[in-house]
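Asks: Pasting data-v4.pdb below, which is PDB, C-alpha atoms.
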ATOM      1  CA  MET O   1      83.803  99.751  76.891
ATOM      2  CA  HIS O   2      84.627 103.139  75.327
ATOM      3  CA  HIS O   3      86.541 104.070  78.479
ATOM      4  CA  GLN O   4      88.608 100.878  78.241
ATOM      5  CA  ILE O   5      89.460 101.531  74.590
ATOM      6  CA  THR O   6      90.666 105.027  75.494
ATOM      7  CA  LEU O   7      92.885 103.626  78.247
ATOM      8  CA  GLN O   8      94.294 101.049  75.851
ATOM      9  CA  LYS O   9      95.233 103.793  73.389
ATOM     10  CA  TYR O  10      97.265 105.565  76.050
ATOM     11  CA  ALA O  11      98.851 102.245  77.007
ATOM     12  CA  LEU O  12      99.956 101.684  73.405
ATOM     13  CA  LEU O  13     101.581 105.122  73.306
ATOM     14  CA  ILE O  14     103.571 104.324  76.441
ATOM     15  CA  LEU O  15     104.655 101.033  74.859
ATOM     16  CA  CYS O  16     105.844 103.000  71.814
ATOM     17  CA  MET O  17     108.022 105.110  74.108
ATOM     18  CA  ALA O  18     109.422 101.990  75.773
ATOM     19  CA  ALA O  19     110.304 100.486  72.382
ATOM     20  CA  GLY O  20     112.130 103.647  71.322
ATOM     21  CA  MET O  21     114.140 103.576  74.536
ATOM     22  CA  VAL O  22     114.953  99.882  74.147
ATOM     23  CA  ASP O  23     116.209 100.380  70.594
ATOM     24  CA  LEU O  24     118.502 103.202  71.706
ATOM     25  CA  ILE O  25     119.815 101.283  74.707
ATOM     26  CA  GLY O  26     120.460  98.197  72.595
ATOM     27  CA  TYR O  27     122.257 100.236  69.941
ATOM     28  CA  LEU O  28     124.550 102.026  72.387
ATOM     29  CA  ALA O  29     125.083  99.301  74.984
ATOM     30  CA  LEU O  30     125.093  96.080  72.958
ATOM     31  CA  GLY O  31     127.342  96.821  70.012
ATOM     32  CA  HIS O  32     125.178  98.859  67.622
ATOM     33  CA  VAL O  33     122.377  96.343  67.250
ATOM     34  CA  LEU O  34     118.663  97.161  67.014
ATOM     35  CA  THR O  35     116.463  94.915  69.120
ATOM     36  CA  ALA O  36     113.026  96.453  68.413
ATOM     37  CA  ASN O  37     113.191  97.783  64.847
ATOM     38  CA  MET O  38     113.908  94.667  62.799
ATOM     39  CA  THR O  39     113.865  96.558  59.489
ATOM     40  CA  GLY O  40     116.855  98.574  60.629
ATOM     41  CA  ASN O  41     118.466  95.495  62.136
ATOM     42  CA  ILE O  42     118.236  93.596  58.856
ATOM     43  CA  VAL O  43     119.843  96.571  57.085
ATOM     44  CA  LEU O  44     122.704  96.462  59.597
ATOM     45  CA  LEU O  45     122.940  92.703  59.063
ATOM     46  CA  GLY O  46     123.251  93.145  55.292
ATOM     47  CA  ILE O  47     125.951  95.797  55.668
ATOM     48  CA  ALA O  48     127.881  93.604  58.097
ATOM     49  CA  ILE O  49     127.713  90.617  55.732
ATOM     50  CA  ALA O  50     128.955  92.751  52.833
ATOM     51  CA  ARG O  51     131.848  94.037  54.938
ATOM     52  CA  ALA O  52     132.604  90.625  56.479
ATOM     53  CA  GLN O  53     132.109  91.971  60.002
ATOM     54  CA  GLU O  54     131.613  88.652  61.744
ATOM     55  CA  PHE O  55     130.764  89.971  65.208
ATOM     56  CA  VAL O  56     128.241  92.469  63.856
ATOM     57  CA  VAL O  57     126.654  89.710  61.773
ATOM     58  CA  LEU O  58     126.397  87.516  64.859
ATOM     59  CA  ARG O  59     124.823  90.245  67.001
ATOM     60  CA  SER O  60     122.284  91.134  64.317
ATOM     61  CA  LEU O  61     121.399  87.481  63.734
ATOM     62  CA  ILE O  62     120.908  86.907  67.455
ATOM     63  CA  ALA O  63     118.606  89.952  67.604
ATOM     64  CA  LEU O  64     116.597  88.671  64.648
ATOM     65  CA  ILE O  65     116.319  85.183  66.136
ATOM     66  CA  GLY O  66     115.318  86.605  69.518
ATOM     67  CA  PHE O  67     112.640  88.773  67.940
ATOM     68  CA  ILE O  68     111.197  85.800  66.048
ATOM     69  CA  ILE O  69     111.203  83.718  69.236
ATOM     70  CA  GLY O  70     109.331  86.506  71.000
ATOM     71  CA  ASN O  71     106.782  86.661  68.169
ATOM     72  CA  ALA O  72     106.246  82.904  68.378
ATOM     73  CA  ILE O  73     105.913  82.883  72.168
ATOM     74  CA  ALA O  74     103.345  85.687  72.127
ATOM     75  CA  ALA O  75     101.369  84.155  69.258
ATOM     76  CA  ARG O  76     101.166  80.820  71.059
ATOM     77  CA  MET O  77     100.228  82.376  74.393
ATOM     78  CA  ILE O  78      97.577  84.691  72.960
ATOM     79  CA  GLY O  79      96.136  82.121  70.578
ATOM     80  CA  TRP O  80      93.610  83.250  68.006
ATOM     81  CA  GLY O  81      90.852  84.482  70.249
ATOM     82  CA  ARG O  82      89.434  87.987  69.952
ATOM     83  CA  SER O  83      87.477  90.267  72.228
ATOM     84  CA  GLU O  84      85.432  93.360  71.494
ATOM     85  CA  SER O  85      88.104  95.582  73.018
ATOM     86  CA  GLY O  86      91.105  93.759  71.561
ATOM     87  CA  TRP O  87      92.950  93.570  74.887
ATOM     88  CA  THR O  88      92.400  90.151  76.442
ATOM     89  CA  LYS O  89      93.583  88.480  79.623
ATOM     90  CA  ARG O  90      96.038  86.470  77.560
ATOM     91  CA  ILE O  91      97.571  89.641  76.165
ATOM     92  CA  THR O  92      98.052  90.934  79.696
ATOM     93  CA  THR O  93      99.789  87.651  80.567
ATOM     94  CA  VAL O  94     102.069  88.129  77.564
ATOM     95  CA  PHE O  95     103.060  91.539  78.885
ATOM     96  CA  VAL O  96     103.927  89.888  82.206
ATOM     97  CA  VAL O  97     106.437  87.740  80.302
ATOM     98  CA  GLU O  98     107.820  90.787  78.491
ATOM     99  CA  SER O  99     108.177  92.675  81.774
ATOM    100  CA  SER O 100     110.057  89.718  83.256
ATOM    101  CA  LEU O 101     112.489  89.677  80.331
ATOM    102  CA  LEU O 102     113.080  93.414  80.616
ATOM    103  CA  LEU O 103     113.640  93.038  84.349
ATOM    104  CA  PHE O 104     116.197  90.282  83.734
ATOM    105  CA  PHE O 105     117.927  92.525  81.185
ATOM    106  CA  ALA O 106     118.105  95.475  83.597
ATOM    107  CA  VAL O 107     119.483  93.353  86.445
ATOM    108  CA  ALA O 108     122.070  91.731  84.180
ATOM    109  CA  MET O 109     123.141  95.105  82.757
ATOM    110  CA  ILE O 110     124.081  96.450  86.192
ATOM    111  CA  SER O 111     125.859  93.244  87.160
ATOM    112  CA  PRO O 112     129.650  92.745  86.802
ATOM    113  CA  TYR O 113     128.943  90.117  84.127
ATOM    114  CA  ALA O 114     127.142  92.371  81.642
ATOM    115  CA  GLU O 115     129.907  92.237  79.056
ATOM    116  CA  GLN O 116     130.197  88.455  79.193
ATOM    117  CA  LEU O 117     126.422  88.129  78.851
ATOM    118  CA  SER O 118     126.121  90.547  75.915
ATOM    119  CA  TYR O 119     124.863  87.980  73.387
ATOM    120  CA  LEU O 120     122.302  86.624  75.851
ATOM    121  CA  LEU O 121     121.172  90.178  76.605
ATOM    122  CA  ILE O 122     120.649  90.865  72.907
ATOM    123  CA  LEU O 123     118.537  87.711  72.638
ATOM    124  CA  VAL O 124     116.475  88.597  75.728
ATOM    125  CA  LEU O 125     115.886  92.211  74.712
ATOM    126  CA  ALA O 126     114.905  91.269  71.149
ATOM    127  CA  ALA O 127     112.575  88.544  72.426
ATOM    128  CA  ALA O 128     110.865  91.078  74.688
ATOM    129  CA  MET O 129     110.302  93.385  71.727
ATOM    130  CA  GLY O 130     109.036  90.502  69.587
ATOM    131  CA  ILE O 131     106.521  89.707  72.298
ATOM    132  CA  GLN O 132     105.417  93.330  72.478
ATOM    133  CA  THR O 133     105.063  93.588  68.701
ATOM    134  CA  THR O 134     102.755  90.583  68.438
ATOM    135  CA  ALA O 135     100.710  91.682  71.452
ATOM    136  CA  ALA O 136     100.204  95.172  70.007
ATOM    137  CA  ARG O 137      99.189  93.699  66.655
ATOM    138  CA  ARG O 138      96.577  91.522  68.356
ATOM    139  CA  ILE O 139      95.186  94.513  70.271
ATOM    140  CA  GLY O 140      94.694  96.065  66.843
ATOM    141  CA  ILE O 141      93.954  99.706  67.662
ATOM    142  CA  ALA O 142      94.352 102.215  64.803
ATOM    143  CA  GLY O 143      96.881  99.953  63.086
ATOM    144  CA  ILE O 144      99.490 101.002  65.656
ATOM    145  CA  SER O 145     102.700  99.026  65.845
ATOM    146  CA  THR O 146     104.679  99.825  68.969
ATOM    147  CA  THR O 147     108.038  98.788  67.482
ATOM    148  CA  VAL O 148     107.806  99.408  63.718
ATOM    149  CA  LEU O 149     108.036 103.145  63.117
ATOM    150  CA  THR O 150     107.790 102.753  59.325
ATOM    151  CA  ASN O 151     104.181 101.527  59.445
ATOM    152  CA  ASN O 152     103.181 104.281  61.843
ATOM    153  CA  LEU O 153     104.904 106.954  59.766
ATOM    154  CA  ALA O 154     103.261 105.753  56.571
ATOM    155  CA  ALA O 155      99.861 105.908  58.269
ATOM    156  CA  VAL O 156     100.534 109.482  59.412
ATOM    157  CA  VAL O 157     101.498 110.530  55.890
ATOM    158  CA  GLU O 158      98.347 108.927  54.485
ATOM    159  CA  ASP O 159      96.246 110.713  57.107
ATOM    160  CA  THR O 160      97.921 114.019  56.225
ATOM    161  CA  VAL O 161      97.263 113.595  52.522
ATOM    162  CA  SER O 162      93.623 112.795  53.248
ATOM    163  CA  ILE O 163      93.297 115.877  55.458
ATOM    164  CA  MET O 164      94.844 118.143  52.820
ATOM    165  CA  TYR O 165      92.480 116.804  50.168
ATOM    166  CA  ARG O 166      89.422 117.263  52.368
ATOM    167  CA  MET O 167      90.455 120.808  53.263
ATOM    168  CA  ARG O 168      89.648 121.785  49.682
ATOM    169  CA  HIS O 169      85.997 121.019  50.317
ATOM    170  CA  THR O 170      85.410 122.056  53.931
ATOM    171  CA  SER O 171      86.643 124.538  56.504
ATOM    172  CA  ALA O 172      89.676 123.698  58.619
ATOM    173  CA  LYS O 173      87.665 124.035  61.827
ATOM    174  CA  SER O 174      84.997 121.596  60.678
ATOM    175  CA  LEU O 175      87.601 119.215  59.304
ATOM    176  CA  PHE O 176      89.651 118.914  62.464
ATOM    177  CA  LYS O 177      86.527 118.495  64.572
ATOM    178  CA  SER O 178      85.502 115.589  62.352
ATOM    179  CA  LEU O 179      88.832 113.755  62.537
ATOM    180  CA  SER O 180      88.786 110.461  64.398
ATOM    181  CA  GLY O 181      90.877 109.859  67.471
ATOM    182  CA  ASP O 182      92.863 107.250  65.523
ATOM    183  CA  VAL O 183      94.406 109.994  63.363
ATOM    184  CA  TYR O 184      95.812 111.716  66.445
ATOM    185  CA  LEU O 185      96.836 108.389  67.934
ATOM    186  CA  ARG O 186      98.910 107.434  64.906
ATOM    187  CA  ALA O 187     100.676 110.794  64.903
ATOM    188  CA  GLY O 188     101.239 110.507  68.642
ATOM    189  CA  ALA O 189     102.793 107.053  68.217
ATOM    190  CA  VAL O 190     105.473 108.427  65.893
ATOM    191  CA  LEU O 191     106.155 111.415  68.127
ATOM    192  CA  ILE O 192     106.356 109.479  71.376
ATOM    193  CA  TYR O 193     108.640 106.835  69.820
ATOM    194  CA  LEU O 194     111.024 109.687  68.997
ATOM    195  CA  VAL O 195     110.610 111.110  72.504
ATOM    196  CA  GLY O 196     111.587 107.723  73.913
ATOM    197  CA  ILE O 197     114.761 107.650  71.822
ATOM    198  CA  VAL O 198     115.760 111.181  72.820
ATOM    199  CA  ALA O 199     115.020 110.555  76.498
ATOM    200  CA  ALA O 200     116.999 107.300  76.492
ATOM    201  CA  ALA O 201     119.932 108.970  74.738
ATOM    202  CA  LEU O 202     120.074 111.727  77.358
ATOM    203  CA  LEU O 203     119.709 109.291  80.241
ATOM    204  CA  PHE O 204     122.251 106.852  78.815
ATOM    205  CA  GLN O 205     124.781 109.637  78.357
ATOM    206  CA  HIS O 206     124.634 110.700  82.003
ATOM    207  CA  TRP O 207     123.142 107.764  83.932
ATOM    208  CA  PRO O 208     123.497 104.604  81.786
ATOM    209  CA  LEU O 209     122.692 102.195  84.616
ATOM    210  CA  ILE O 210     119.498 104.095  85.405
ATOM    211  CA  SER O 211     118.324 104.299  81.796
ATOM    212  CA  VAL O 212     117.931 100.514  81.502
ATOM    213  CA  TRP O 213     115.286 100.553  84.238
ATOM    214  CA  ILE O 214     112.927 103.011  82.542
ATOM    215  CA  PRO O 215     111.519 100.500  79.977
ATOM    216  CA  VAL O 216     111.021  98.037  82.849
ATOM    217  CA  LEU O 217     108.989 100.616  84.755
ATOM    218  CA  LEU O 218     106.980 101.633  81.675
ATOM    219  CA  VAL O 219     106.046  98.132  80.506
ATOM    220  CA  GLY O 220     105.690  96.825  84.058
ATOM    221  CA  GLY O 221     103.407  99.720  84.937
ATOM    222  CA  ILE O 222     101.236  99.092  81.888
ATOM    223  CA  THR O 223     101.071  95.401  82.787
ATOM    224  CA  LEU O 224      99.960  96.061  86.356
ATOM    225  CA  TYR O 225      97.421  98.606  85.153
ATOM    226  CA  ALA O 226      96.059  96.171  82.576
ATOM    227  CA  ARG O 227      95.581  93.488  85.210
ATOM    228  CA  THR O 228      93.292  95.804  87.171
ATOM    229  CA  GLN O 229      91.530  97.690  84.377
ATOM    230  CA  PHE O 230      91.125  94.987  81.726
ATOM    231  CA  SER O 231      90.642  91.981  84.003
ATOM    232  CA  ASP O 232      87.059  91.483  82.845
ATOM    233  CA  VAL O 233      87.958  91.225  79.144
ATOM    234  CA  ARG O 234      87.689  87.673  77.805
ATOM    235  CA  ASP O 235      88.556  85.919  74.570
ATOM    236  CA  THR O 236      85.621  85.002  72.382
ATOM    237  CA  THR O 237      87.287  81.976  70.803
ATOM    238  CA  SER O 238      89.747  79.335  71.881
ATOM    239  CA  GLY O 239      93.467  79.931  71.449
ATOM    240  CA  SER O 240      94.339  76.275  71.118
TER     241      SER O 240
END
Represent the structure contained in this file as structure tokens.
Replies:
Amino acid sequence: MHHQITLQKYALLILCMAAGMVDLIGYLALGHVLTANMTGNIVLLGIAIARAQEFVVLRSLIALIGFIIGNAIAARMIGWGRSESGWTKRITTVFVVESSLLLFFAVAMISPYAEQLSYLLILVLAAAMGIQTTAARRIGIAGISTTVLTNNLAAVVEDTVSIMYRMRHTSAKSLFKSLSGDVYLRAGAVLIYLVGIVAAALLFQHWPLISVWIPVLLVGGITLYARTQFSDVRDTTSGS
């Protein structure tokens, strides 16, 4: 069980990277809209409404609607069951759906019809991120959200303040040895989200049609791995 939890922590970090890449790709390729970070998207929506930028308003609204649809789909598929590890078979199935949406997005982006399908692509990409957000919340490891950087950053700051306070009463060596793995995981989530954004920006600048495939490979890889490693994890209650 401990081994599975460790693997799930690494999986969440990879999902954080994928979300960072998706946000960057959506912002640069789909008309400056955020499809993973809904806080930022709602800010953009408010600015667009104030400036009467109809097309920006429409794109942001579609992203918000898509994200909510993804949340609802994942919540219904996962149900309200729990397991000791947090990662259930239903969650793995949800990631199959997310991977399929990301695959559709990547194929459509390299097609000649990408521009005509831009609104649909926003909806699909946001729905995929909504699915991932709900799935990560249900896994419930260290309070990590794979798409909301604000929560993760706040947790890192709180951890830092706690560490600084405790350093007044114990040696640094003893303190860092006593820190839980969750502290490092939360810091890693923020860092790897940023790494995903930087990597996507560099890839998109030079190889834009290749960059859209990286999130597919990351999430798809995690999904395949979960099907083999977490296949024995069951829900403890009904999801109906």
Asks: Please provide as a ChimeraX atom specification all residues within 9 Å of region 117-133 of chain O, with the sequence filter that same-chain residues fewer than 4 positions apart are discarded (counting all atoms listed in the file).
Replies: /O:15,19,22,26,29-31,33-37,58-60,62-75,94-95,97-102,104-105,108-109,113,137-138,145-148
Asks: Using all atoms listed in the file, which residues sit within 7 Å of Ile139 (chain O) once same-chain residues fewer than 4 positions away are excluded, as number ranges by chain?
Replies: O: 86-87, 135
Asks: Determine, counting all atoms listed in the file, every residue of protein, DNA or RNA that lies within 8 Å of (108.9, 108.2, 69.4) in the file coordinates, then give the result as a PyMOL selection string.
Replies: chain O and resi 16-17+20+189-197
Asks: Generate a file of the selected residues that holds C-alpha atoms, formatted as a PDB file, in the coordinates of the input.
Replies:
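Saved as part39.pdb:
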ATOM      1  CA  CYS O  16     105.844 103.000  71.814  1.00  0.00           C
ATOM      2  CA  MET O  17     108.022 105.110  74.108  1.00  0.00           C
ATOM      3  CA  GLY O  20     112.130 103.647  71.322  1.00  0.00           C
ATOM      4  CA  ALA O 189     102.793 107.053  68.217  1.00  0.00           C
ATOM      5  CA  VAL O 190     105.473 108.427  65.893  1.00  0.00           C
ATOM      6  CA  LEU O 191     106.155 111.415  68.127  1.00  0.00           C
ATOM      7  CA  ILE O 192     106.356 109.479  71.376  1.00  0.00           C
ATOM      8  CA  TYR O 193     108.640 106.835  69.820  1.00  0.00           C
ATOM      9  CA  LEU O 194     111.024 109.687  68.997  1.00  0.00           C
ATOM     10  CA  VAL O 195     110.610 111.110  72.504  1.00  0.00           C
ATOM     11  CA  GLY O 196     111.587 107.723  73.913  1.00  0.00           C
ATOM     12  CA  ILE O 197     114.761 107.650  71.822  1.00  0.00           C
TER      13      ILE O 197
END
Asks: Name the residues, using the chain letters and numbers of the file, that sit within 9 Å of (103.7, 99.1, 80.3) when counting all atoms listed in the file, and give them as a short mmCIF file (atom, residue, chain, number, x, y, z; two decimals) with C-alpha atoms, in the coordinates of the input.
Replies:
data_model
loop_
_atom_site.label_atom_id
_atom_site.label_comp_id
_atom_site.auth_asym_id
_atom_site.auth_seq_id
_atom_site.Cartn_x
_atom_site.Cartn_y
_atom_site.Cartn_z
CA ALA O 11 98.85 102.24 77.01
CA LEU O 12 99.96 101.68 73.40
CA ILE O 14 103.57 104.32 76.44
CA LEU O 15 104.66 101.03 74.86
CA ALA O 18 109.42 101.99 75.77
CA PHE O 95 103.06 91.54 78.89
CA SER O 99 108.18 92.68 81.77
CA PRO O 215 111.52 100.50 79.98
CA VAL O 216 111.02 98.04 82.85
CA LEU O 217 108.99 100.62 84.76
CA LEU O 218 106.98 101.63 81.68
CA VAL O 219 106.05 98.13 80.51
CA GLY O 220 105.69 96.82 84.06
CA GLY O 221 103.41 99.72 84.94
CA ILE O 222 101.24 99.09 81.89
CA THR O 223 101.07 95.40 82.79
CA LEU O 224 99.96 96.06 86.36
CA TYR O 225 97.42 98.61 85.15
CA ALA O 226 96.06 96.17 82.58
#
Asks: With distances taken over only C-alpha atoms, which residue among O:Ile144, O:Met21, O:Leu7, O:Thr39 lies nearest Ile214 (chain O)?
Replies: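 Closest candidate: O:Met21.
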Asks: Would you work out the distance separating CA of Arg227 (chain O) from CA of Thr92 (chain O), expressed in Å to one decimal?
Replies: 6.6 Å
Asks: How many Å separate CA of Ala187 (chain O) from CA of Asn151 (chain O)?
Replies: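 Value for the CA of Ala187 (chain O)-CA of Asn151 (chain O) distance: 11.3 Å.
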Asks: Any idea what the distance is between CA of Ala155 (chain O) and CA of Thr134 (chain O)?
Replies: 18.6 Å
Asks: Ranking O:Ile42, O:Ala106, O:Val198, O:Ile47 by minimum distance to Leu61 (chain O) and counting only C-alpha atoms, which one comes first?
Replies: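 Among the listed residues, the smallest separation from Leu61 (chain O) belongs to O:Ile42.
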Asks: Have a look at O:Thr160, O:Thr170, O:Ile210, O:Leu185 and name the one nearest to Gln8 (chain O); count only C-alpha atoms.
Replies: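 Ranking O:Thr160, O:Thr170, O:Ile210, O:Leu185 by distance to Gln8 (chain O), first place goes to O:Leu185.
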Asks: Closest to Arg186 (chain O) among O:Ala136, O:Ile141, O:Val107, O:Leu24, using only C-alpha atoms?
Replies: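 Of O:Ala136, O:Ile141, O:Val107, O:Leu24, the one nearest Arg186 (chain O), counting only C-alpha atoms, is O:Ile141.
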